[in-house]
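Beneath this line is the structure, given in structure tokens, with notes to follow.
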Amino acid sequence: MSRTSRTTLRRSRTALIAAGALVAAAAGSAAAVAPFGASAAAAAGCSVDYKIQNQWNGGLTASVTVKNLGAAVSGWQLQWAFSGGEKVSQGWNATVSQSGTAVTAKDAGYNAALATGSSATFGFNATGNGNSTVPATFKLNGVTCDGGTTGPTDPPDPTDPPAGEQADNPYQGAKVYVNPEWSANAAAEPGGSRVANQPTGVWLDRIAAIEGANGGMGLRDHLDEALTQKGSGELVVQLVIYNLPGRDCAALASNGELGPTEIGRYKTEYIDPIAAILADAKYAGLRIVTTVEIDSLPNLVTNAGGRPTATPACDVMKANGNYVKGVGYALNKLGDAPNVYNYIDAGHHGWIGWDDNFGPSADIFHQAATAEGATVNDVHGFITNTANYSALKEENFSIDDTVNGTSVRQSKWVDWNRYTDELSFAQAFRNELVSVGFNSDIGMLIDTSRNGWGGANRPTGPGASTSVDTYVEGGRYDRRIHLGNWCNQAGAGLGERPQAAPEAGIDAYVWMKPPGESDGSSKAIPNDEGKGFDRMCDPTYTGNARNNNNMSGALGNAPVSGKWFSAQFQELMKNAYPAL
């Protein structure tokens with residue numbers, strides 16, 4: 001599921017939620033009858049929507065929307081004063097500066113023009129004491145917006161729960177649910193009993209999966225079994241939310257049942273029933289972790305908008321906005337249950353680790369996390385490498401190495417990426433996500449189900465220093481032909497076993513993709529799940545722009561995605577690292 005494209009300590013979330021519940025703001029709309037600015041020749045007005053998205057004892061995050069109710073202008077600046085000792089530390093989509101208590105937000109250039117009735121939105125982080133309120137007065141280009149402020153942040157939603165207790169890291173001190181269906185498949189394989197007790201994700205990849213497809217366990221069946229496994233301690237249940245309209249616009253193998261425009265069905269027939277089940281008081285004692293919509297949002301960055309890797313289907317999804325709307329709606333509704341921990345899928349280092357993908361991906365994640373009634377408080381963290389193969393740690397070379405004066409970044413394998421492995425990427429991307437407005441205590445998950453590579457035969461040091469390519473090629477653990485290869489990779493192995501808090505900023509290593517379940521079929525196979533045939537799953541395929549026209553590296557004779565693939569499971573056990 002790769003779509004490669006070249007072109008700490010954590011504070012209490014309980015305090016965050018409780019502080020957020022104290023936010024209050026005046027509502028209304030007013031016009032300021034005076035010149036709107038130097039570029040306005042007629043009377044003008046404005047309204048301001050100032051939202052405190054999150055605050056705690058130490059700081060806050062806010063979003064501000066200014067709407068032009070008067071004549072068109074070609075440049076703007078908004079001014080207000082803090083009254084609680086706040087200090088701006090960072091802004092986005094505007095230049096935000098402060099002198100004493102006075103704050104000025106100036107347009108960012110690209111959003112300088114405001115036609116009549118149009119608006120611009122920007123945000124900022126600030127230090128504070130946890131008691132910040134909406135400023136009483138705003139001035140736009142020197143003109144007071146009388147009473148034109150609105151709030152609070154989280155759009156009124158009668159289903160939102162009261163402030164509740166959540167664990168900083170849901171995996172800490174908890175067992176994790178073992179899916180009996182996957183466990184039985186694993187145990188039936190020769191040698192499979194060695195890993196059959198490992199926890200894996202439960203994939204809700206179509207509407208029928210909620211009740212149980214083809215006689216299998218439905219969501220309530222899994223949650224009831226989880227209560228049995230829980231006993232008197234804490235237990236995490238891992239669910240994969242995976243059924244967006246126009247799903248996975250860049251890979252036919254993981255297409256879904258809903259067409260590109262069927263956002264209504266996604267909401268009412270898929271998300272709403274899941275949310276209703278998760279809100280059942282019967283399951284309130286479970287810690288429910290959701291992985292939200294794999295391979296969706298990064299596709300809008302790398303595989304749309306005229307890039308060489310773009311596909312018509314991804315251009316459609318970017319234009320209609322249904323990936324952003326769907327993810328936002330899922331975060332909002334699933335987050336209504338106080339025991340649900342939402343983690344958004346964030347691709348992997350071989351997809352968005354390049355400079356031109358890194359920041360834009362964080363921006364679009366923030367856009368989705370504030371769409372359809374969602375806020376950043378609905379996001380507990382992010383997950384990387386889901387259903388992928390990127391090595392956790394490449395220990396035989398680093399991004400800072402040079403060979404004969406040539407940087408490792410210039411090697412054919414790294415190809416100017418900023419990151420060589422998944423751990424360094426996840427930790428760096430976490431910082432980037434915080435910088436664009438996500439809560440500073442978010443945690444990361446890394447899927448290690450299939451990134452072991454090499455078992456006892458993995459390289460023990462770097463390759464020859466003849467060139468930067470020999471140096472990297474001889475030492476890399478990840479033995480894919482190209483980072484863009486994602487389907488049933490030959491030579492892959494089981495990776496680190498699931499564990500909580502293994503590294504700074506990482507909530508857990510998880511097996512979200514159940515090892516042994518296919519990524520896609522090696523040839524076209526009719527099915528009733530909307531899953532197509534992608535040539536990247538064909539071992540004879542010579543590639544495309546997303547893997548730089550290399551061979552696919554896929555195993556042959558593979559079934560439709562999600563179906564049991566015995567040959568793959570045996571390959572994963574043989575090449576496991578740590579070895580079984």
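Ordering of the structure tokens sets the chain letters (A, B, ...), residue numbers begin anew at 1 in every chain, and ligands are numbered from 1 in the order given.
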
> Taking the backbone alone, and naming residues the way the document does, which bits of segment 336-458 of chain A are strand (DSSP E) by DSSP, as a ChimeraX atom specification?
Replying inline: /A:340-345,381-384,402-403,406-407,443-447

>> Could you list, as a list in words, every residue within 9 Å of segment 430-435 of chain A, counting only C-alpha atoms and ignoring same-chain residues fewer than 6 positions away?
In response: Gln90, Gly91, Trp92, Asn125, Phe358, Gly359, Ala362, Asp363, Phe365, His366, Gly381, Phe382, Asp441, Ile442, Gly443, Met444 and Gly505 of chain A

>> Would you pick out the contacts of Thr200 of chain A at 6 Å or less, using only C-alpha atoms, so that residues sharing its chain but fewer than 5 positions from it are not included, and give the list as a PyMOL selection string?
In response: chain A and resi 511-512+514

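Around Gln98 of chain A, within 8 Å and counting only C-alpha atoms, the residues found are Lys87, Val88, Thr101, Ala102, Val103 and Thr104 of chain A, once anything fewer than 3 positions away on its own chain is removed.
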
>> When you look at segment 534-543 of chain A with a cut-off of 9 Å (counting only C-alpha atoms), what residues show up, excluding the ones that are within fewer than 2 positions of it in the same chain? I need them as number ranges by chain.
In response: A: 251-254, 485-489, 519-524, 532, 545-558

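The shortest atom-to-atom distance to Ala374 of chain A, with only C-alpha atoms taken into account, belongs to A:Asn332 out of A:Asn451, A:Asn332, A:Thr144, A:Asn396.
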
>> Between atom CA of Gly347 of chain A and atom CA of Ile383 of chain A, what is the distance in Å, rounded to a tenth?
In response: 7.7 Å

>> For the helix (DSSP H, G or I) assignment from backbone DSSP, which residues of segment 206-350 of chain A qualify? Please present them as a PyMOL selection string.
In response: chain A and resi 208-211+213-215+219-230+252-254+263-278+281-283+297-302+312-320+322-334+349-350

> Contacts of Asp248 of chain A at 7 Å or less, counting only C-alpha atoms, minus same-chain residues fewer than 6 places along, as number ranges by chain?
Replying inline: A: 254-255, 295-296

Store the residues picked out above, limited to all heavy atoms, as a short mmCIF file (atom, residue, chain, number, x, y, z; two decimals), in the first residue's frame.
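again.cif, written as the output of this step:
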data_model
loop_
_atom_site.label_atom_id
_atom_site.label_comp_id
_atom_site.auth_asym_id
_atom_site.auth_seq_id
_atom_site.Cartn_x
_atom_site.Cartn_y
_atom_site.Cartn_z
N SER A 254 -7.10 -2.38 -3.71
CA SER A 254 -7.79 -2.05 -2.46
C SER A 254 -8.93 -1.07 -2.68
O SER A 254 -9.33 -0.37 -1.77
CB SER A 254 -6.79 -1.51 -1.43
OG SER A 254 -5.88 -0.62 -2.01
N ASN A 255 -9.45 -1.01 -3.91
CA ASN A 255 -10.68 -0.25 -4.13
C ASN A 255 -11.79 -0.84 -3.27
O ASN A 255 -11.70 -1.98 -2.79
CB ASN A 255 -11.10 -0.32 -5.60
CG ASN A 255 -10.22 0.53 -6.50
OD1 ASN A 255 -10.29 0.40 -7.72
ND2 ASN A 255 -9.40 1.40 -5.95
N ASP A 295 -4.29 4.94 3.45
CA ASP A 295 -3.99 5.28 2.05
C ASP A 295 -4.97 6.26 1.43
O ASP A 295 -5.22 6.22 0.23
CB ASP A 295 -3.99 4.00 1.18
CG ASP A 295 -2.82 3.10 1.50
OD1 ASP A 295 -1.90 3.55 2.20
OD2 ASP A 295 -2.82 1.95 1.06
N SER A 296 -5.53 7.15 2.23
CA SER A 296 -6.48 8.09 1.65
C SER A 296 -5.86 9.48 1.49
O SER A 296 -5.54 9.91 0.38
CB SER A 296 -7.75 8.17 2.51
OG SER A 296 -7.46 8.56 3.85
#

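Within the 10 Å cut-off around Glu293 of chain A, using only C-alpha atoms and omitting residues fewer than 3 positions from it on the same chain, the listed residues are Asp205, Val240, Ile241, Tyr242, Asn243, Leu244, Arg247, Asp248, Thr290, Ser296, Leu297, Tyr323, Gly326, Val327, Ala330, Tyr343, Ile344, Asp345 and Ala346 of chain A.
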